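Chemist: Hey, dropping run_37.cif in here, mmCIF, C-alpha atoms:
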data_final
#
loop_
_atom_site.label_atom_id
_atom_site.label_comp_id
_atom_site.auth_asym_id
_atom_site.auth_seq_id
_atom_site.Cartn_x
_atom_site.Cartn_y
_atom_site.Cartn_z
CA MET A 69 184.58 157.32 68.95
CA ARG A 70 183.30 157.77 72.45
CA ALA A 71 184.30 160.41 75.01
CA VAL A 72 187.45 161.28 76.99
CA GLU A 73 189.07 164.74 77.12
CA THR A 74 192.69 165.82 76.86
CA GLU A 75 194.92 168.22 74.97
CA THR A 76 198.49 168.19 73.62
CA VAL A 77 200.66 168.52 70.58
CA ALA A 78 202.88 166.15 68.68
CA ALA A 79 203.58 164.48 65.41
CA PRO A 80 203.66 160.92 64.13
CA THR A 81 206.90 159.18 63.35
CA ILE A 82 208.36 159.64 59.89
CA GLU A 83 211.12 157.22 59.05
CA THR A 84 213.58 158.18 56.37
CA LYS A 85 216.23 155.94 54.91
CA ALA A 86 218.32 156.03 51.79
CA SER A 87 216.40 153.11 50.28
CA GLU A 88 213.14 155.01 50.53
CA SER A 89 214.28 157.53 47.99
CA VAL A 90 213.80 154.75 45.40
CA SER A 91 210.25 153.76 46.32
CA PRO A 92 207.80 156.27 47.80
CA PRO A 93 207.01 155.82 51.48
CA TRP A 94 203.70 154.59 52.76
CA GLN A 95 201.43 156.12 55.33
CA VAL A 96 199.52 154.19 57.95
CA ILE A 97 196.15 155.82 58.47
CA VAL A 98 193.58 155.25 61.19
CA MET A 99 190.02 156.10 60.21
CA ASN A 100 187.33 157.31 62.57
CA ASP A 101 184.98 154.72 63.91
CA PRO A 102 181.90 155.60 65.97
CA VAL A 103 182.16 152.44 68.05
CA ASN A 104 185.75 152.23 69.28
CA LEU A 105 186.34 153.95 72.62
CA MET A 106 188.65 156.96 72.56
CA SER A 107 190.64 155.57 75.49
CA PHE A 108 191.05 152.27 73.64
CA VAL A 109 192.32 153.94 70.45
CA THR A 110 194.84 155.95 72.50
CA LEU A 111 196.00 152.82 74.30
CA ILE A 112 196.52 150.92 71.06
CA LEU A 113 198.46 153.78 69.42
CA ARG A 114 200.74 153.87 72.46
CA ARG A 115 201.17 150.14 72.43
CA VAL A 116 201.73 149.56 68.71
CA PHE A 117 204.00 152.55 68.00
CA GLY A 118 205.39 153.22 71.47
CA TYR A 119 204.08 156.80 71.35
CA SER A 120 203.87 158.88 74.50
CA GLU A 121 200.44 159.46 75.98
CA GLU A 122 200.54 163.02 74.57
CA VAL A 123 201.30 161.94 71.01
CA ALA A 124 198.81 159.08 71.08
CA THR A 125 196.09 161.34 72.46
CA LYS A 126 196.74 164.01 69.82
CA LEU A 127 196.50 161.41 67.05
CA MET A 128 193.35 159.89 68.56
CA LEU A 129 191.73 163.34 68.65
CA ASP A 130 192.72 163.92 65.01
CA VAL A 131 191.01 160.64 64.11
CA HIS A 132 187.94 161.64 66.08
CA GLU A 133 187.68 165.22 64.88
CA LYS A 134 189.06 165.05 61.32
CA GLY A 135 187.87 161.56 60.45
CA ARG A 136 191.38 160.17 59.99
CA ALA A 137 194.98 160.60 61.06
CA ILE A 138 198.30 159.59 59.57
CA VAL A 139 199.85 157.71 62.44
CA TRP A 140 203.08 156.56 60.83
CA THR A 141 205.06 156.98 57.59
CA GLY A 142 207.83 154.75 56.28
CA GLU A 143 208.64 151.67 54.25
CA ARG A 144 205.95 149.39 52.92
CA GLU A 145 206.82 146.24 54.85
CA LYS A 146 206.64 148.04 58.17
CA ALA A 147 203.44 149.80 57.13
CA GLU A 148 201.88 146.39 56.43
CA MET A 149 203.01 145.14 59.82
CA TYR A 150 201.53 148.15 61.60
CA VAL A 151 198.23 147.96 59.73
CA GLN A 152 197.95 144.30 60.64
CA GLN A 153 198.64 145.09 64.30
CA LEU A 154 196.10 147.90 64.36
CA GLN A 155 193.49 145.70 62.67
CA SER A 156 194.20 142.98 65.22
CA PHE A 157 192.91 145.47 67.81
CA GLN A 158 189.93 146.16 65.52
CA LEU A 159 190.98 149.69 64.66
CA LEU A 160 189.95 150.81 61.18
CA ALA A 161 193.46 151.06 59.73
CA LYS A 162 194.72 151.23 56.18
CA MET A 163 197.85 152.11 54.22
CA GLU A 164 198.45 154.49 51.35
CA LYS A 165 201.40 155.52 49.24
CA VAL A 166 202.46 159.04 50.19
CA SER A 167 201.90 160.23 46.64
CA GLU A 168 198.18 159.30 46.76
CA MET B 146 177.62 146.00 88.56
CA ARG B 147 180.85 147.01 90.27
CA LEU B 148 184.21 146.56 88.60
CA ILE B 149 187.25 146.27 90.83
CA SER B 150 190.95 145.94 90.11
CA LYS B 151 192.54 143.81 92.81
CA ASP B 152 196.12 143.40 94.02
CA ASP B 153 196.17 139.64 93.55
CA GLY B 154 196.46 139.72 89.76
CA THR B 155 192.74 139.61 89.12
CA TRP B 156 189.88 141.98 88.43
CA GLU B 157 186.37 141.35 89.52
CA MET B 158 182.82 142.01 88.43
CA GLN B 159 180.69 142.21 91.54
CA ARG B 160 176.98 142.62 92.07
CA ILE B 161 176.11 141.70 88.51
CA ARG B 162 172.34 142.14 88.22
CA GLU B 163 170.05 139.87 86.20
CA LEU B 164 169.93 142.19 83.19
CA GLU B 165 173.72 142.59 83.14
CA TYR B 166 174.12 138.84 83.51
CA LEU B 167 171.76 138.35 80.60
CA MET B 168 173.80 140.75 78.47
CA LEU B 169 177.05 139.02 79.43
CA SER B 170 175.54 135.66 78.55
CA LYS B 171 174.75 137.03 75.07
CA LEU B 172 178.40 137.91 74.42
CA GLU B 173 179.17 134.77 72.42
CA ASP B 174 176.24 135.33 70.08
CA ALA B 175 177.10 139.00 69.77
CA CYS B 176 180.63 138.10 68.63
CA ASP B 177 179.28 136.05 65.74
CA PRO B 178 178.97 138.17 62.59
CA GLY B 179 176.76 135.48 61.06
CA GLY B 180 175.86 136.38 57.52
CA SER B 181 176.37 140.12 57.99
CA GLN B 182 178.80 141.09 55.26
CA GLY B 183 179.15 144.54 56.81
CA ALA B 184 180.21 143.04 60.13
CA ILE B 185 182.69 140.67 58.45
CA GLU B 186 184.21 143.50 56.45
CA ARG B 187 184.45 145.66 59.56
CA LEU B 188 186.36 142.98 61.45
CA LEU B 189 188.47 141.99 58.47
CA PRO B 190 188.99 145.17 56.46
CA SER B 191 191.05 145.68 53.33
CA PRO B 192 194.53 147.15 53.91
CA LEU B 193 193.66 149.86 51.40
CA GLY B 194 190.29 150.90 52.81
CA ARG B 195 188.92 150.95 49.26
CA PRO B 196 188.79 148.70 46.19
CA ALA B 197 192.11 147.97 44.47
CA VAL B 198 192.73 149.99 41.31
CA ASP B 199 195.62 148.16 39.67
CA ASP B 200 197.39 144.79 39.58
CA LYS B 201 199.80 145.68 42.40
CA GLU B 202 196.96 146.64 44.68
CA ASP B 203 195.02 143.53 43.66
CA GLU B 204 198.04 141.49 44.73
CA LEU B 205 198.29 143.33 48.06
CA VAL B 206 194.61 142.75 48.83
CA ALA B 207 194.80 139.09 47.78
CA ASP B 208 197.86 138.53 49.97
CA TRP B 209 196.11 140.26 52.86
CA GLU B 210 193.08 138.04 52.52
CA SER B 211 195.13 134.86 52.31
CA LEU B 212 197.77 135.67 54.94
CA VAL B 213 196.50 138.31 57.37
CA HIS B 214 192.79 137.56 57.60
CA PRO B 215 193.28 133.95 58.79
CA ASP B 216 195.60 135.26 61.53
CA LEU B 217 193.08 137.88 62.59
CA ARG B 218 190.24 135.33 62.60
CA SER B 219 192.32 133.03 64.72
CA GLN B 220 193.25 135.80 67.21
CA PHE B 221 189.66 136.99 67.51
CA LYS B 222 188.41 133.44 68.06
CA ALA B 223 191.09 132.70 70.67
CA SER B 224 190.11 135.79 72.66
CA ILE B 225 186.44 134.81 72.62
CA GLU B 226 187.36 131.34 73.89
CA VAL B 227 189.33 132.81 76.81
CA VAL B 228 186.37 135.00 77.77
CA LEU B 229 183.87 132.16 77.51
CA SER B 230 186.11 130.01 79.67
CA ASP B 231 186.27 132.78 82.30
CA MET B 232 182.51 133.22 82.17
CA ARG B 233 181.94 129.57 83.01
CA THR B 234 183.30 130.38 86.50
CA ILE B 235 180.62 132.96 87.25
CA THR B 236 178.82 132.41 90.54
CA GLY B 237 175.43 133.65 91.72
CA ARG B 238 173.46 133.98 94.91
CA LYS B 239 170.19 135.50 96.04
CA ARG B 240 170.46 138.85 97.74
CA SER B 241 167.37 140.70 98.96
CA GLY B 242 165.26 138.36 96.88
CA GLU B 243 167.15 138.98 93.64
CA MET B 244 169.96 137.08 92.01
CA GLU B 245 173.39 138.70 91.95
CA TYR B 246 176.40 137.29 90.18
CA ARG B 247 180.15 137.59 90.63
CA LEU B 248 183.03 136.87 88.32
CA VAL B 249 186.77 136.97 89.05
CA VAL B 250 189.07 137.22 86.02
CA PRO B 251 192.90 137.11 85.75
CA LYS B 252 194.33 140.48 84.70
CA LYS B 253 196.37 138.70 82.04
CA HIS B 254 193.05 138.03 80.26
CA ALA B 255 192.21 141.74 80.04
CA ASP B 256 193.34 141.99 76.41
CA ASP B 257 191.18 139.02 75.44
CA TRP B 258 188.19 140.59 77.18
CA CYS B 259 188.76 143.87 75.37
CA SER B 260 189.01 142.06 72.06
CA ALA B 261 185.83 140.03 72.59
CA LEU B 262 183.84 142.96 73.95
CA ASN B 263 184.98 145.15 71.09
CA GLN B 264 184.19 142.50 68.48
CA ALA B 265 180.71 142.25 69.97
CA ARG B 266 180.20 146.02 69.96
CA LEU B 267 181.33 146.39 66.35
CA ILE B 268 179.09 143.54 65.22
CA LEU B 269 176.09 144.80 67.21
CA HIS B 270 176.42 148.22 65.61
CA GLU B 271 176.66 146.71 62.13
CA ARG B 272 173.96 144.12 62.59
CA HIS B 273 171.41 146.49 64.14
CA LYS B 274 172.47 149.55 62.16
CA LEU B 275 172.84 151.49 65.38
CA PRO B 276 173.30 155.26 65.03
CA GLU B 277 176.48 156.98 66.25
CA ASP B 278 174.40 158.84 68.80
CA GLU B 279 171.70 156.81 70.52
CA LEU B 280 169.55 159.94 70.65
CA GLU B 281 169.25 159.59 66.89
CA LEU B 282 167.70 156.15 67.26
CA ASP B 283 164.46 155.79 65.36
CA MET B 284 161.75 154.80 67.83
CA GLU B 285 160.23 152.66 65.08
CA GLY B 286 163.36 150.51 65.17
CA GLY B 287 161.80 148.39 67.87
CA HIS B 288 163.05 147.04 71.16
CA GLU B 289 165.80 144.94 69.55
CA GLN B 290 167.73 148.09 68.68
CA TRP B 291 167.31 149.43 72.20
CA LEU B 292 168.51 146.16 73.66
CA ALA B 293 171.49 146.17 71.29
CA ILE B 294 172.39 149.68 72.46
CA LEU B 295 172.10 148.64 76.10
CA GLN B 296 174.22 145.57 75.42
CA SER B 297 176.84 147.66 73.62
CA GLU B 298 176.89 150.22 76.43
CA ILE B 299 177.42 147.55 79.09
CA TYR B 300 180.26 146.02 77.08
CA GLY B 301 181.69 149.51 76.53
CA SER B 302 181.65 150.25 80.27
CA ILE B 303 183.59 147.07 81.00
CA MET B 304 186.07 147.93 78.25
CA GLU B 305 186.56 151.45 79.59
CA PHE B 306 187.34 149.98 82.99
CA LEU B 307 189.82 147.49 81.51
CA VAL B 308 191.57 150.12 79.39
CA THR B 309 191.86 152.81 82.05
CA ARG B 310 192.29 150.72 85.20
CA ILE B 311 194.22 147.67 84.03
CA LEU B 312 195.75 147.88 80.56
CA TRP B 313 196.82 151.52 80.81
CA LEU B 314 198.99 150.67 83.79
CA LYS B 315 200.71 147.68 82.21
#
Kindly present the structure from the file in structure tokens form.

Modeler:
Amino acid sequence: MRAVETETVAAPTIETKASESVSPPWQVIVMNDPVNLMSFVTLILRRVFGYSEEVATKLMLDVHEKGRAIVWTGEREKAEMYVQQLQSFQLLAKMEKVSE
Amino acid sequence: MRLISKDDGTWEMQRIRELEYLMLSKLEDACDPGGSQGAIERLLPSPLGRPAVDDKEDELVADWESLVHPDLRSQFKASIEVVLSDMRTITGRKRSGEMEYRLVVPKKHADDWCSALNQARLILHERHKLPEDELELDMEGGHEQWLAILQSEIYGSIMEFLVTRILWLK
């Protein structure tokens, strides 16, 4: 990803419900991409998940520096919806079962 | 080129020089992945980010390809059409012996512009195998790679403006 500087701390949303104890939750992961602008990735994380600027920036920097970031955890149907939304903004997004 | 956010619900590209105009006019071609499998897979990735390993994953990937990919294709195409329609309103005039162009765009089209510009950048990088850092570019790669980098940088500058000056404030 391309430049933009900031700092902050935060954590992605983790949804827990009784029904999830039956099936393992899924993680939505954004992978690093050398083309997408850092500001654009932050904007999309804010828009799709409603994260604050601080949380979205922290996650974007994790993607940039660590190669990937878990941006959300919860039930499969919602994970699919989020991955689709992220891919509609051309972010390199995927989903994984937490146990993987 | 100057990029300006205006109070009347539009943003404007002013003083577009010949080279920038040329790069803008190549946007439609740049958004076409053609036969580049890498570009197609980048725009329409698997939900797993890797090959499926069992029947359940096979089903997920198959559903994704039959249900999600058509939606994504349709959204990407719609955004390109909005941008091409805007670009047909570009005007030009001679200034100090050189052509300069101007384009006024509704702010409500900013998302479509970002989508089209980003599609083009992703495809350019795939198609021309551009390095992450342009300093790593092999000089033997020829002028097409340099032009692709220039094109991608111009599109990236417009995107940065749209993200930070228009979409961020929405």

Chemist: Wanna dump the chain A-chain B contacts at 7 Å for me, each residue with its shortest atom pair and the distance in Å to one decimal, counting only C-alpha atoms, ordered by chain and number, as CSV?

Modeler:
residue,atom,partner,partner_atom,distance
A:Pro102,CA,B:Glu277,CA,5.6
A:Val103,CA,B:Leu267,CA,6.3
A:Ser107,CA,B:Val308,CA,6.8
A:Phe108,CA,B:Val308,CA,6.2
A:Leu111,CA,B:Trp313,CA,6.7
A:Val151,CA,B:Pro192,CA,6.9
A:Gln152,CA,B:Val213,CA,7.0
A:Ser156,CA,B:Leu217,CA,5.8
A:Phe157,CA,B:Ser260,CA,6.7
A:Gln158,CA,B:Leu188,CA,6.3
A:Lys162,CA,B:Pro192,CA,4.7
A:Met163,CA,B:Leu193,CA,5.5
A:Glu164,CA,B:Leu193,CA,6.7

Chemist: Given the file above and the PyMOL selection byres ((chain B and resi 174) around 12), which residues are selected, and can you give them as a PDB file with C-alpha atoms, in the frame of the given file?

Modeler:
ATOM      1  CA  LEU B 167     171.760 138.350  80.600  1.00  0.00           C
ATOM      2  CA  MET B 168     173.800 140.750  78.470  1.00  0.00           C
ATOM      3  CA  LEU B 169     177.050 139.020  79.430  1.00  0.00           C
ATOM      4  CA  SER B 170     175.540 135.660  78.550  1.00  0.00           C
ATOM      5  CA  LYS B 171     174.750 137.030  75.070  1.00  0.00           C
ATOM      6  CA  LEU B 172     178.400 137.910  74.420  1.00  0.00           C
ATOM      7  CA  GLU B 173     179.170 134.770  72.420  1.00  0.00           C
ATOM      8  CA  ALA B 175     177.100 139.000  69.770  1.00  0.00           C
ATOM      9  CA  CYS B 176     180.630 138.100  68.630  1.00  0.00           C
ATOM     10  CA  ASP B 177     179.280 136.050  65.740  1.00  0.00           C
ATOM     11  CA  PRO B 178     178.970 138.170  62.590  1.00  0.00           C
ATOM     12  CA  GLY B 179     176.760 135.480  61.060  1.00  0.00           C
ATOM     13  CA  ILE B 225     186.440 134.810  72.620  1.00  0.00           C
ATOM     14  CA  LEU B 229     183.870 132.160  77.510  1.00  0.00           C
ATOM     15  CA  ALA B 261     185.830 140.030  72.590  1.00  0.00           C
ATOM     16  CA  LEU B 262     183.840 142.960  73.950  1.00  0.00           C
ATOM     17  CA  GLN B 264     184.190 142.500  68.480  1.00  0.00           C
ATOM     18  CA  ALA B 265     180.710 142.250  69.970  1.00  0.00           C
ATOM     19  CA  ARG B 266     180.200 146.020  69.960  1.00  0.00           C
ATOM     20  CA  ILE B 268     179.090 143.540  65.220  1.00  0.00           C
ATOM     21  CA  LEU B 269     176.090 144.800  67.210  1.00  0.00           C
ATOM     22  CA  ARG B 272     173.960 144.120  62.590  1.00  0.00           C
ATOM     23  CA  ALA B 293     171.490 146.170  71.290  1.00  0.00           C
ATOM     24  CA  GLN B 296     174.220 145.570  75.420  1.00  0.00           C
TER      25      GLN B 296
END

Chemist: To verify the selection step, state as a list in words which residues the PyMOL selection byres ((chain A and resi 96) around 8) yields on this input.

Modeler: Trp94, Gln95, Ile97, Val98, Ile138, Val139, Trp140, Thr141, Ala147, Tyr150, Val151, Ala161, Lys162, Met163 and Glu164 of chain A

Chemist: Can you pull out the residues contacting Phe117 in chain A? Cut-off 10 Å, using all atoms listed in the file, and skip same-chain residues under 4 positions away; I want them as a ChimeraX atom specification.

Modeler: /A:80-81,112-113,124,139-140,150,153-154

Chemist: Report as a PDB file with C-alpha atoms, keeping the file's coordinate frame the full result of the PyMOL selection byres ((chain A and resi 128) around 10) when it is applied to this structure.

Modeler:
ATOM      1  CA  MET A  69     184.580 157.320  68.950  1.00  0.00           C
ATOM      2  CA  VAL A  98     193.580 155.250  61.190  1.00  0.00           C
ATOM      3  CA  MET A  99     190.020 156.100  60.210  1.00  0.00           C
ATOM      4  CA  ASN A 100     187.330 157.310  62.570  1.00  0.00           C
ATOM      5  CA  MET A 106     188.650 156.960  72.560  1.00  0.00           C
ATOM      6  CA  SER A 107     190.640 155.570  75.490  1.00  0.00           C
ATOM      7  CA  PHE A 108     191.050 152.270  73.640  1.00  0.00           C
ATOM      8  CA  VAL A 109     192.320 153.940  70.450  1.00  0.00           C
ATOM      9  CA  THR A 110     194.840 155.950  72.500  1.00  0.00           C
ATOM     10  CA  LEU A 111     196.000 152.820  74.300  1.00  0.00           C
ATOM     11  CA  ILE A 112     196.520 150.920  71.060  1.00  0.00           C
ATOM     12  CA  LEU A 113     198.460 153.780  69.420  1.00  0.00           C
ATOM     13  CA  GLU A 122     200.540 163.020  74.570  1.00  0.00           C
ATOM     14  CA  VAL A 123     201.300 161.940  71.010  1.00  0.00           C
ATOM     15  CA  ALA A 124     198.810 159.080  71.080  1.00  0.00           C
ATOM     16  CA  THR A 125     196.090 161.340  72.460  1.00  0.00           C
ATOM     17  CA  LYS A 126     196.740 164.010  69.820  1.00  0.00           C
ATOM     18  CA  LEU A 127     196.500 161.410  67.050  1.00  0.00           C
ATOM     19  CA  LEU A 129     191.730 163.340  68.650  1.00  0.00           C
ATOM     20  CA  ASP A 130     192.720 163.920  65.010  1.00  0.00           C
ATOM     21  CA  VAL A 131     191.010 160.640  64.110  1.00  0.00           C
ATOM     22  CA  HIS A 132     187.940 161.640  66.080  1.00  0.00           C
ATOM     23  CA  GLU A 133     187.680 165.220  64.880  1.00  0.00           C
ATOM     24  CA  LYS A 134     189.060 165.050  61.320  1.00  0.00           C
ATOM     25  CA  GLY A 135     187.870 161.560  60.450  1.00  0.00           C
ATOM     26  CA  ARG A 136     191.380 160.170  59.990  1.00  0.00           C
ATOM     27  CA  ALA A 137     194.980 160.600  61.060  1.00  0.00           C
ATOM     28  CA  VAL A 139     199.850 157.710  62.440  1.00  0.00           C
TER      29      VAL A 139
END

Chemist: So how many Å separate CA of Asp231 in chain B and CA of Gln182 in chain B, to one decimal?

Modeler: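 Straight-line distance from CA of Asp231 in chain B to CA of Gln182 in chain B works out to 29.3 Å.
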
Chemist: I'd like the interatomic distance between CA of Met158 in chain B and CA of Ile235 in chain B, to a tenth of an Å.

Modeler: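 Taking CA of Met158 in chain B and CA of Ile235 in chain B, their separation equals 9.4 Å.
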
Chemist: Restricting the calculation to all atoms listed in the file, which member of B:Glu289, B:Glu163, B:Asp200, B:Glu186 is positioned closest to Gly237 in chain B?

Modeler: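 Ranked by minimum distance to Gly237 in chain B, first place goes to B:Glu163.
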
Chemist: I'd like the interatomic distance between CA of Lys222 in chain B and CA of Met149 in chain A, to a tenth of an Å.

Modeler: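 Between CA of Lys222 in chain B and CA of Met149 in chain A the gap works out to 20.4 Å.
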
Chemist: With only C-alpha atoms as the counted atoms, please give the residues lying no more than 9 Å from range 245-250 of chain B, apart from itself and same-chain residues fewer than 4 positions off, as a PDB file with C-alpha atoms, keeping the file's coordinate frame.

Modeler:
ATOM      1  CA  MET B 146     177.620 146.000  88.560  1.00  0.00           C
ATOM      2  CA  GLY B 154     196.460 139.720  89.760  1.00  0.00           C
ATOM      3  CA  THR B 155     192.740 139.610  89.120  1.00  0.00           C
ATOM      4  CA  TRP B 156     189.880 141.980  88.430  1.00  0.00           C
ATOM      5  CA  GLU B 157     186.370 141.350  89.520  1.00  0.00           C
ATOM      6  CA  MET B 158     182.820 142.010  88.430  1.00  0.00           C
ATOM      7  CA  GLN B 159     180.690 142.210  91.540  1.00  0.00           C
ATOM      8  CA  ARG B 160     176.980 142.620  92.070  1.00  0.00           C
ATOM      9  CA  ILE B 161     176.110 141.700  88.510  1.00  0.00           C
ATOM     10  CA  ARG B 162     172.340 142.140  88.220  1.00  0.00           C
ATOM     11  CA  GLU B 163     170.050 139.870  86.200  1.00  0.00           C
ATOM     12  CA  TYR B 166     174.120 138.840  83.510  1.00  0.00           C
ATOM     13  CA  VAL B 228     186.370 135.000  77.770  1.00  0.00           C
ATOM     14  CA  ASP B 231     186.270 132.780  82.300  1.00  0.00           C
ATOM     15  CA  MET B 232     182.510 133.220  82.170  1.00  0.00           C
ATOM     16  CA  THR B 234     183.300 130.380  86.500  1.00  0.00           C
ATOM     17  CA  ILE B 235     180.620 132.960  87.250  1.00  0.00           C
ATOM     18  CA  THR B 236     178.820 132.410  90.540  1.00  0.00           C
ATOM     19  CA  GLY B 237     175.430 133.650  91.720  1.00  0.00           C
ATOM     20  CA  ARG B 238     173.460 133.980  94.910  1.00  0.00           C
ATOM     21  CA  LYS B 239     170.190 135.500  96.040  1.00  0.00           C
ATOM     22  CA  ARG B 240     170.460 138.850  97.740  1.00  0.00           C
ATOM     23  CA  HIS B 254     193.050 138.030  80.260  1.00  0.00           C
ATOM     24  CA  ALA B 255     192.210 141.740  80.040  1.00  0.00           C
TER      25      ALA B 255
END

Chemist: For range 236-253 of chain B, I'd like the enclosing box, axis-aligned and padded by 8 Å on every side, reported as lines of an AutoDock Vina configuration file with centre and edge lengths in Å to one decimal.

Modeler:
center_x = 180.8
center_y = 136.6
center_z = 90.5
size_x = 47.1
size_y = 24.3
size_z = 32.9

Chemist: When distances are computed from all atoms listed in the file, which of B:Ala223, B:Glu165, B:Glu243, B:Gly287 shows the smallest separation from Asp257 in chain B?

Modeler: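 Selected residue with least distance to Asp257 in chain B: B:Ala223.
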
Chemist: Could you get me a file of range 160-167 of chain A with all heavy atoms, as a tab-separated table (two decimals), in the first residue's frame, taken from the block above?

Modeler:
chain	number	residue	atom	x	y	z
A	160	LEU	N	-8.23	-6.76	-1.12
A	160	LEU	CA	-7.95	-8.19	-1.17
A	160	LEU	C	-8.42	-8.82	0.14
A	160	LEU	O	-7.68	-8.86	1.12
A	160	LEU	CB	-6.44	-8.38	-1.38
A	160	LEU	CG	-5.93	-9.61	-2.11
A	160	LEU	CD1	-6.74	-9.93	-3.35
A	160	LEU	CD2	-4.47	-9.45	-2.43
A	161	ALA	N	-9.69	-9.25	0.14
A	161	ALA	CA	-10.30	-9.75	1.38
A	161	ALA	C	-10.66	-11.21	1.25
A	161	ALA	O	-11.00	-11.69	0.17
A	161	ALA	CB	-11.56	-8.94	1.68
A	162	LYS	N	-10.57	-11.91	2.36
A	162	LYS	CA	-10.94	-13.33	2.37
A	162	LYS	C	-11.50	-13.69	3.74
A	162	LYS	O	-11.44	-12.88	4.67
A	162	LYS	CB	-9.73	-14.20	2.04
A	162	LYS	CG	-8.63	-14.13	3.08
A	162	LYS	CD	-7.53	-15.10	2.72
A	162	LYS	CE	-6.48	-15.17	3.84
A	162	LYS	NZ	-5.46	-16.18	3.59
A	163	MET	N	-12.03	-14.90	3.85
A	163	MET	CA	-12.56	-15.36	5.14
A	163	MET	C	-11.97	-16.70	5.51
A	163	MET	O	-11.64	-17.52	4.64
A	163	MET	CB	-14.10	-15.42	5.08
A	163	MET	CG	-14.64	-16.22	3.92
A	163	MET	SD	-16.42	-15.91	3.66
A	163	MET	CE	-17.09	-16.98	4.94
A	164	GLU	N	-11.83	-16.90	6.81
A	164	GLU	CA	-11.26	-18.15	7.32
A	164	GLU	C	-12.01	-18.55	8.58
A	164	GLU	O	-12.40	-17.68	9.36
A	164	GLU	CB	-9.80	-17.94	7.76
A	164	GLU	CG	-8.79	-17.92	6.67
A	164	GLU	CD	-7.39	-17.71	7.22
A	164	GLU	OE1	-7.18	-17.67	8.45
A	164	GLU	OE2	-6.49	-17.56	6.38
A	165	LYS	N	-12.12	-19.86	8.80
A	165	LYS	CA	-12.65	-20.32	10.08
A	165	LYS	C	-11.62	-20.00	11.14
A	165	LYS	O	-10.42	-20.13	10.89
A	165	LYS	CB	-12.88	-21.83	10.04
A	165	LYS	CG	-14.26	-22.23	9.64
A	165	LYS	CD	-14.42	-23.73	9.81
A	165	LYS	CE	-15.53	-24.22	8.90
A	165	LYS	NZ	-15.52	-25.65	8.74
A	166	VAL	N	-12.07	-19.65	12.33
A	166	VAL	CA	-11.13	-19.27	13.40
A	166	VAL	C	-10.15	-20.39	13.72
A	166	VAL	O	-8.99	-20.15	14.02
A	166	VAL	CB	-11.89	-18.84	14.66
A	166	VAL	CG1	-10.98	-18.75	15.86
A	166	VAL	CG2	-12.54	-17.48	14.42
A	167	SER	N	-10.62	-21.62	13.59
A	167	SER	CA	-9.74	-22.75	13.92
A	167	SER	C	-8.58	-22.94	12.95
A	167	SER	O	-7.65	-23.67	13.22
A	167	SER	CB	-10.56	-24.03	13.98
A	167	SER	OG	-11.25	-24.19	12.75
